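Engineer: After the structure tokens below, expect a handful of questions from me.
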4 protein chains.
Amino acid sequence: MPALAFKTCFRVVWADTDAAQVVHYSNYFRFFERAEEEFYRQLGFTFTDRAEKGLWFPRVEAFCQYKKPARFNDLLEVELSIEEFKEKSIKYGFKILNKETAVLLAIGHVTVVAADKRTGKATVIPQEIVEKLKRFSE
Amino acid sequence: MPALAFKTCFRVVWADTDAAQVVHYSNYFRFFERAEEEFYRQLGFTFTDRAEKGLWFPRVEAFCQYKKPARFNDLLEVELSIEEFKEKSIKYGFKILNKETAVLLAIGHVTVVAADKRTGKATVIPQEIVEKLKRFSE
Amino acid sequence: MPALAFKTCFRVVWADTDAAQVVHYSNYFRFFERAEEEFYRQLGFTFTDRAEKGLWFPRVEAFCQYKKPARFNDLLEVELSIEEFKEKSIKYGFKILNKETAVLLAIGHVTVVAADKRTGKATVIPQEIVEKLKRFSE
Amino acid sequence: MPALAFKTCFRVVWADTDAAQVVHYSNYFRFFERAEEEFYRQLGFTFTDRAEKGLWFPRVEAFCQYKKPARFNDLLEVELSIEEFKEKSIKYGFKILNKETAVLLAIGHVTVVAADKRTGKATVIPQEIVEKLKRFSE
């Protein structure tokens, strides 16, 4: 069975753009993160629970390749998949497409590590989170 | 003796701009705040001390009038003055000028309240901070 | 007949927050603008048309009063209304509420001026736009 | 002769941080770009000239590895070097250190392509720019 991907759509707002009249390159990383947040939300993670458990997901690596520019008012589709799933870290892959034209705008990845909020140290991802993420990674 | 004003300069960076090829209107509030931070730094406030005392300065009001656009690579001069100084709050006035042409770009104000970090409640501004701020408010 | 208000909802994302673990004060202005963009979209303005007519809506004034902090993952309701409607300018009023608790978080306004893209000068708002906006202003 | 590196310092401002009380991961890319802008400025590029020649430097790839968090008020040193210098593109390498502790916070790279503003197509980097950049690339 192929791994599932999670898809979500965002509209490019004026504040995302820069003087080249395209989305500023740093904002693609904000789109990646926002897709990740919606992914957790859809899986039923309440962020309060995560906070109570004292769990963070700090980023240790981020990458983006820019294919075509996104512009104000474009509707973007962001596709998230799990590229690597380890005991203490997850590597999320991302694709951003123009939803109306289906043109691929960017691809990238972000690696997050589960960390204990108090100690700051990497920690094993809790089993109940592993269960929910598993079907997106095989 | 007239009140003193504090001045600092910032260069407009590419990420400050939007698709109208001018600085995004929300970023003027970031310039205001950054001037305020440099003002505290010049007065010798160590932010660690403030944190240890459990003091925040949340904003309760912000205003900006936009006169002329600022553009990429412009050198801005931000002038901060104290417009009102109360027991628990400070109203900072701001002017932003193009440093090279002396053209006035924006005026505004921001009101901050001293607050206890733990309770979130408004609190009297500590006397040693009052002393340092006084000569900016005559 | 009372004037209509336009409402839209946004989720607070991680990138909206600052080290006080609340939404950064400048980002309320981005919420205001985003509500305005959705308002235009709902009225059927195609941004391409506006660009072809060479029309901008630069901001000349912005104001916000902060009542209660918004936090990561909060669902916000932004309400837009027309507070003043002149020949060449519109003053939009905004309220931001926590959608789940109905607590008022912020109120503000933004005044925009219709401007010719080429000359940069203020210009009369085109009649077809006036028609669409009218029912929100009386 | 070893290649030269360009160094510049930035103070972390409040607006750079997020609710984890560290610099938001997307903002490292803004630091990279800001260092690149100061590098061009120091080399004597006037951005007006570049605009007149109709030259852009769109980003085609960006990468960052996060080693240690940067926090509000930290003084950062950003080091820029040229990792690859081709006919139409430049790969800039970046290191970000805490200036006071000399701790390495992040490393990364950004690849930019010279592009004609009107056509959007990749173009050969003008010889006078090549001359100025050369001593940073060998």
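Each chain in the structure tokens gets a letter, A, B, ..., in the order shown, and its residues are numbered from 1; ligands are numbered from 1 in order too.
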Which residues of chain C sit at most 10 Å from chain D, using only C-alpha atoms? Give each one's shortest atom pair and distance in Å (one decimal place), in chain and ascending residue order, as JSON lines.

Structural biologist:
```
{"residue": "C:Trp14", "atom": "CA", "partner": "D:Asp18", "partner_atom": "CA", "distance": 7.0}
{"residue": "C:Ala15", "atom": "CA", "partner": "D:Asp18", "partner_atom": "CA", "distance": 6.4}
{"residue": "C:Asp16", "atom": "CA", "partner": "D:Asp18", "partner_atom": "CA", "distance": 7.5}
{"residue": "C:Thr17", "atom": "CA", "partner": "D:Asp18", "partner_atom": "CA", "distance": 5.0}
{"residue": "C:Asp18", "atom": "CA", "partner": "D:Asp18", "partner_atom": "CA", "distance": 3.9}
{"residue": "C:Ala19", "atom": "CA", "partner": "D:Gln21", "partner_atom": "CA", "distance": 4.2}
{"residue": "C:Ala20", "atom": "CA", "partner": "D:Ala19", "partner_atom": "CA", "distance": 6.5}
{"residue": "C:Gln21", "atom": "CA", "partner": "D:Ala19", "partner_atom": "CA", "distance": 4.2}
{"residue": "C:Val22", "atom": "CA", "partner": "D:Ala19", "partner_atom": "CA", "distance": 7.0}
{"residue": "C:Val23", "atom": "CA", "partner": "D:Ala19", "partner_atom": "CA", "distance": 8.7}
{"residue": "C:His24", "atom": "CA", "partner": "D:Ala15", "partner_atom": "CA", "distance": 6.9}
{"residue": "C:Tyr25", "atom": "CA", "partner": "D:Ala15", "partner_atom": "CA", "distance": 9.0}
{"residue": "C:Ser26", "atom": "CA", "partner": "D:Ala15", "partner_atom": "CA", "distance": 8.5}
{"residue": "C:Asn27", "atom": "CA", "partner": "D:Ala15", "partner_atom": "CA", "distance": 9.8}
{"residue": "C:Arg71", "atom": "CA", "partner": "D:Ala19", "partner_atom": "CA", "distance": 8.8}
{"residue": "C:Phe72", "atom": "CA", "partner": "D:Ala19", "partner_atom": "CA", "distance": 7.9}
```

Engineer: Take the residues from that selection and put them in a file with N, CA, C and O atoms, as a PDB file, in the first residue's frame.

Structural biologist:
```pdb
ATOM      1  N   TRP C  14       1.891  29.197  13.910  1.00  0.00           N
ATOM      2  CA  TRP C  14       3.088  29.342  14.740  1.00  0.00           C
ATOM      3  C   TRP C  14       3.900  30.584  14.371  1.00  0.00           C
ATOM      4  O   TRP C  14       4.374  31.330  15.239  1.00  0.00           O
ATOM      5  N   ALA C  15       4.015  30.824  13.070  1.00  0.00           N
ATOM      6  CA  ALA C  15       4.819  31.952  12.598  1.00  0.00           C
ATOM      7  C   ALA C  15       4.211  33.309  12.955  1.00  0.00           C
ATOM      8  O   ALA C  15       4.884  34.332  12.879  1.00  0.00           O
ATOM      9  N   ASP C  16       2.959  33.333  13.377  1.00  0.00           N
ATOM     10  CA  ASP C  16       2.320  34.587  13.812  1.00  0.00           C
ATOM     11  C   ASP C  16       2.738  34.995  15.221  1.00  0.00           C
ATOM     12  O   ASP C  16       2.502  36.130  15.631  1.00  0.00           O
ATOM     13  N   THR C  17       3.295  34.052  15.975  1.00  0.00           N
ATOM     14  CA  THR C  17       3.549  34.294  17.404  1.00  0.00           C
ATOM     15  C   THR C  17       4.936  34.888  17.647  1.00  0.00           C
ATOM     16  O   THR C  17       5.795  34.859  16.770  1.00  0.00           O
ATOM     17  N   ASP C  18       5.128  35.417  18.856  1.00  0.00           N
ATOM     18  CA  ASP C  18       6.452  35.906  19.255  1.00  0.00           C
ATOM     19  C   ASP C  18       6.824  35.298  20.609  1.00  0.00           C
ATOM     20  O   ASP C  18       6.089  34.462  21.141  1.00  0.00           O
ATOM     21  N   ALA C  19       7.950  35.726  21.148  1.00  0.00           N
ATOM     22  CA  ALA C  19       8.493  35.089  22.345  1.00  0.00           C
ATOM     23  C   ALA C  19       7.634  35.305  23.601  1.00  0.00           C
ATOM     24  O   ALA C  19       7.885  34.681  24.630  1.00  0.00           O
ATOM     25  N   ALA C  20       6.635  36.174  23.524  1.00  0.00           N
ATOM     26  CA  ALA C  20       5.682  36.281  24.640  1.00  0.00           C
ATOM     27  C   ALA C  20       4.578  35.224  24.498  1.00  0.00           C
ATOM     28  O   ALA C  20       3.634  35.199  25.276  1.00  0.00           O
ATOM     29  N   GLN C  21       4.697  34.390  23.478  1.00  0.00           N
ATOM     30  CA  GLN C  21       3.768  33.290  23.195  1.00  0.00           C
ATOM     31  C   GLN C  21       2.366  33.791  22.865  1.00  0.00           C
ATOM     32  O   GLN C  21       1.362  33.130  23.135  1.00  0.00           O
ATOM     33  N   VAL C  22       2.342  34.958  22.244  1.00  0.00           N
ATOM     34  CA  VAL C  22       1.099  35.551  21.740  1.00  0.00           C
ATOM     35  C   VAL C  22       1.361  36.040  20.312  1.00  0.00           C
ATOM     36  O   VAL C  22       2.511  36.094  19.876  1.00  0.00           O
ATOM     37  N   VAL C  23       0.308  36.403  19.611  1.00  0.00           N
ATOM     38  CA  VAL C  23       0.471  36.925  18.250  1.00  0.00           C
ATOM     39  C   VAL C  23       1.211  38.269  18.301  1.00  0.00           C
ATOM     40  O   VAL C  23       0.852  39.149  19.100  1.00  0.00           O
ATOM     41  N   HIS C  24       2.233  38.421  17.473  1.00  0.00           N
ATOM     42  CA  HIS C  24       2.988  39.679  17.438  1.00  0.00           C
ATOM     43  C   HIS C  24       2.072  40.831  17.021  1.00  0.00           C
ATOM     44  O   HIS C  24       1.254  40.676  16.119  1.00  0.00           O
ATOM     45  N   TYR C  25       2.242  41.965  17.672  1.00  0.00           N
ATOM     46  CA  TYR C  25       1.285  43.062  17.473  1.00  0.00           C
ATOM     47  C   TYR C  25       1.185  43.540  16.030  1.00  0.00           C
ATOM     48  O   TYR C  25       0.125  43.987  15.596  1.00  0.00           O
ATOM     49  N   SER C  26       2.245  43.413  15.256  1.00  0.00           N
ATOM     50  CA  SER C  26       2.193  43.838  13.850  1.00  0.00           C
ATOM     51  C   SER C  26       1.316  42.907  13.013  1.00  0.00           C
ATOM     52  O   SER C  26       0.812  43.306  11.961  1.00  0.00           O
ATOM     53  N   ASN C  27       1.141  41.674  13.479  1.00  0.00           N
ATOM     54  CA  ASN C  27       0.403  40.708  12.658  1.00  0.00           C
ATOM     55  C   ASN C  27      -1.104  40.936  12.651  1.00  0.00           C
ATOM     56  O   ASN C  27      -1.789  40.453  11.758  1.00  0.00           O
ATOM     57  N   ARG C  71      -3.427  33.538  20.749  1.00  0.00           N
ATOM     58  CA  ARG C  71      -2.343  32.568  20.906  1.00  0.00           C
ATOM     59  C   ARG C  71      -2.337  31.543  19.777  1.00  0.00           C
ATOM     60  O   ARG C  71      -3.310  31.404  19.057  1.00  0.00           O
ATOM     61  N   PHE C  72      -1.238  30.823  19.679  1.00  0.00           N
ATOM     62  CA  PHE C  72      -1.092  29.779  18.668  1.00  0.00           C
ATOM     63  C   PHE C  72      -2.312  28.862  18.660  1.00  0.00           C
ATOM     64  O   PHE C  72      -2.768  28.424  19.714  1.00  0.00           O
TER      65      PHE C  72
END
```

Engineer: Find the residues near B:Gly93: any atom within 7 Å, counting only C-alpha atoms, skip ones fewer than 2 places away on the same chain, and give them as a list in words.

Structural biologist: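 Final neighbour list, sorted by chain and number: Leu80, Ser81, Ile82, Glu83, Lys91, Gly108, His109 and Val110 of chain B.
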
Engineer: Using atom CA of A:Tyr28 and atom CA of D:Tyr66 as the two end points, give the distance in Å to one decimal.

Structural biologist: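 Calculated distance between atom CA of A:Tyr28 and atom CA of D:Tyr66 is 17.2 Å.
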
Engineer: Using only C-alpha atoms, determine which residues lie at most 10 Å from C:Gln42, disregarding the query and same-chain residues fewer than 5 positions distant; provide the list as a PDB file with C-alpha atoms, in the first residue's frame.

Structural biologist:
```
ATOM      1  CA  PHE C   6     -18.214  40.870   6.428  1.00  0.00           C
ATOM      2  CA  GLU C  36     -10.007  42.990   3.277  1.00  0.00           C
ATOM      3  CA  GLU C  37      -8.622  40.756   0.521  1.00  0.00           C
TER       4      GLU C  37
END
```

Engineer: Return as a PyMOL selection string the full set of residues in chain B whose backbone-based DSSP assignment is strand (DSSP E or B).

Structural biologist: chain B and resi 6-11+17+23+55-56+59-66+75-85+89-98+104-113+115-116+122

Engineer: Write out as number ranges by chain each polymer residue whose atoms come within 10 Å of C:Ser137, counting only C-alpha atoms; drop sequence neighbours fewer than 5 positions from it.

Structural biologist: C: 2-5, 81-85, 90, 92

Engineer: Those selected residues, please, written with N, CA, C and O atoms and delivered as a CSV table (one decimal), in the first residue's frame.

Structural biologist:
```csv
chain,number,residue,atom,x,y,z
C,2,PRO,N,-29.5,48.4,8.6
C,2,PRO,CA,-28.2,48.6,9.1
C,2,PRO,C,-27.2,48.1,8.1
C,2,PRO,O,-27.5,47.2,7.3
C,3,ALA,N,-26.0,48.7,8.2
C,3,ALA,CA,-24.9,48.3,7.3
C,3,ALA,C,-24.5,46.8,7.5
C,3,ALA,O,-24.6,46.3,8.7
C,4,LEU,N,-24.1,46.1,6.5
C,4,LEU,CA,-23.7,44.8,6.6
C,4,LEU,C,-22.2,44.7,7.1
C,4,LEU,O,-21.5,45.7,6.9
C,5,ALA,N,-21.9,43.6,7.7
C,5,ALA,CA,-20.5,43.4,8.1
C,5,ALA,C,-20.0,42.1,7.4
C,5,ALA,O,-20.9,41.2,7.1
C,81,SER,N,-16.1,46.1,8.6
C,81,SER,CA,-17.2,47.0,8.2
C,81,SER,C,-16.7,48.2,7.6
C,81,SER,O,-15.5,48.5,7.7
C,82,ILE,N,-17.6,49.0,6.9
C,82,ILE,CA,-17.1,50.2,6.3
C,82,ILE,C,-17.5,51.4,7.3
C,82,ILE,O,-18.7,51.6,7.5
C,83,GLU,N,-16.5,52.1,7.8
C,83,GLU,CA,-16.8,53.1,8.8
C,83,GLU,C,-17.0,54.5,8.1
C,83,GLU,O,-17.7,55.4,8.6
C,84,GLU,N,-16.3,54.7,7.0
C,84,GLU,CA,-16.5,55.9,6.2
C,84,GLU,C,-16.2,55.6,4.8
C,84,GLU,O,-15.3,54.9,4.4
C,85,PHE,N,-17.0,56.2,3.9
C,85,PHE,CA,-16.9,55.9,2.5
C,85,PHE,C,-16.9,57.2,1.8
C,85,PHE,O,-17.9,57.9,1.7
C,90,ILE,N,-11.7,54.8,1.6
C,90,ILE,CA,-12.6,54.0,2.4
C,90,ILE,C,-11.9,53.8,3.8
C,90,ILE,O,-10.7,53.4,3.8
C,92,TYR,N,-12.0,51.3,6.7
C,92,TYR,CA,-12.5,50.0,7.1
C,92,TYR,C,-12.4,49.9,8.7
C,92,TYR,O,-11.3,50.1,9.2
```

Engineer: Using only C-alpha atoms, which protein or nucleic acid residues come within 6 Å of stretch 97-105 of chain C? Drop anything in the same chain fewer than 4 positions from it, and give the result as a PyMOL selection string.

Structural biologist: chain C and resi 67-68+75-77

Engineer: Could you please take those selected residues and save C-alpha atoms as an mmCIF file, in the first residue's frame?

Structural biologist:
```cif
data_model
loop_
_atom_site.group_PDB
_atom_site.id
_atom_site.type_symbol
_atom_site.label_atom_id
_atom_site.label_comp_id
_atom_site.auth_asym_id
_atom_site.auth_seq_id
_atom_site.Cartn_x
_atom_site.Cartn_y
_atom_site.Cartn_z
ATOM 1 C CA LYS C 67 -7.683 43.957 24.342
ATOM 2 C CA LYS C 68 -6.645 40.349 24.956
ATOM 3 C CA LEU C 75 -9.406 30.378 15.683
ATOM 4 C CA LEU C 76 -9.999 34.071 15.046
ATOM 5 C CA GLU C 77 -13.037 35.743 13.587
#
```

Engineer: In terms of the shortest atom-to-atom distance over only C-alpha atoms, which of C:Arg59, C:Leu43, C:Val13, C:Val124 is closest to A:Phe31?

Structural biologist: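 Among C:Arg59, C:Leu43, C:Val13, C:Val124, it is C:Val13 that comes nearest to A:Phe31.
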
Engineer: One number please: atom CA of C:Arg41 to atom CA of A:Phe39, in Å, one decimal.

Structural biologist: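 Atom-to-atom, atom CA of C:Arg41 to atom CA of A:Phe39, that is 26.5 Å.
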
Engineer: If you run DSSP over the backbone, which residues in stretch 38-87 of chain C end up alpha helix (DSSP H)? Put them as a list of chain:residue names.

Structural biologist: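 Result set for stretch 38-87 of chain C (alpha helix (DSSP H)): C:Glu38, C:Phe39, C:Tyr40, C:Arg41, C:Gln42, C:Phe47, C:Thr48, C:Asp49, C:Arg50, C:Ala51, C:Glu52.
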
Engineer: I'd like the neighbourhood of A:Glu87 as a tab-separated table (two decimals) with N, CA and C atoms, in the first residue's frame, where a residue qualifies if any of its atoms comes within 9 Å (using only C-alpha atoms), though same-chain residues fewer than 6 positions away should be ignored.

Structural biologist:
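Saved as around-v9.tsv:
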```tsv
chain	number	residue	atom	x	y	z
A	114	ALA	N	11.66	15.37	17.80
A	114	ALA	CA	10.86	15.45	19.04
A	114	ALA	C	11.82	15.82	20.17
A	123	THR	N	14.01	13.34	22.09
A	123	THR	CA	13.31	12.31	22.85
A	123	THR	C	12.56	11.40	21.87
A	124	VAL	N	12.23	10.20	22.30
A	124	VAL	CA	11.51	9.26	21.45
A	124	VAL	C	10.09	9.79	21.21
A	125	ILE	N	9.63	9.70	19.96
A	125	ILE	CA	8.28	10.15	19.64
A	125	ILE	C	7.27	9.23	20.34
A	130	VAL	N	3.21	8.01	16.94
A	130	VAL	CA	3.75	7.08	15.95
A	130	VAL	C	2.61	6.36	15.23
```

Engineer: So the first atom is atom CA of A:Asn73 and the second is atom CA of D:Arg30; what is the distance between them in Å, to one decimal place?

Structural biologist: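 Taking atom CA of A:Asn73 as the start and atom CA of D:Arg30 as the end point, the length is 22.7 Å.
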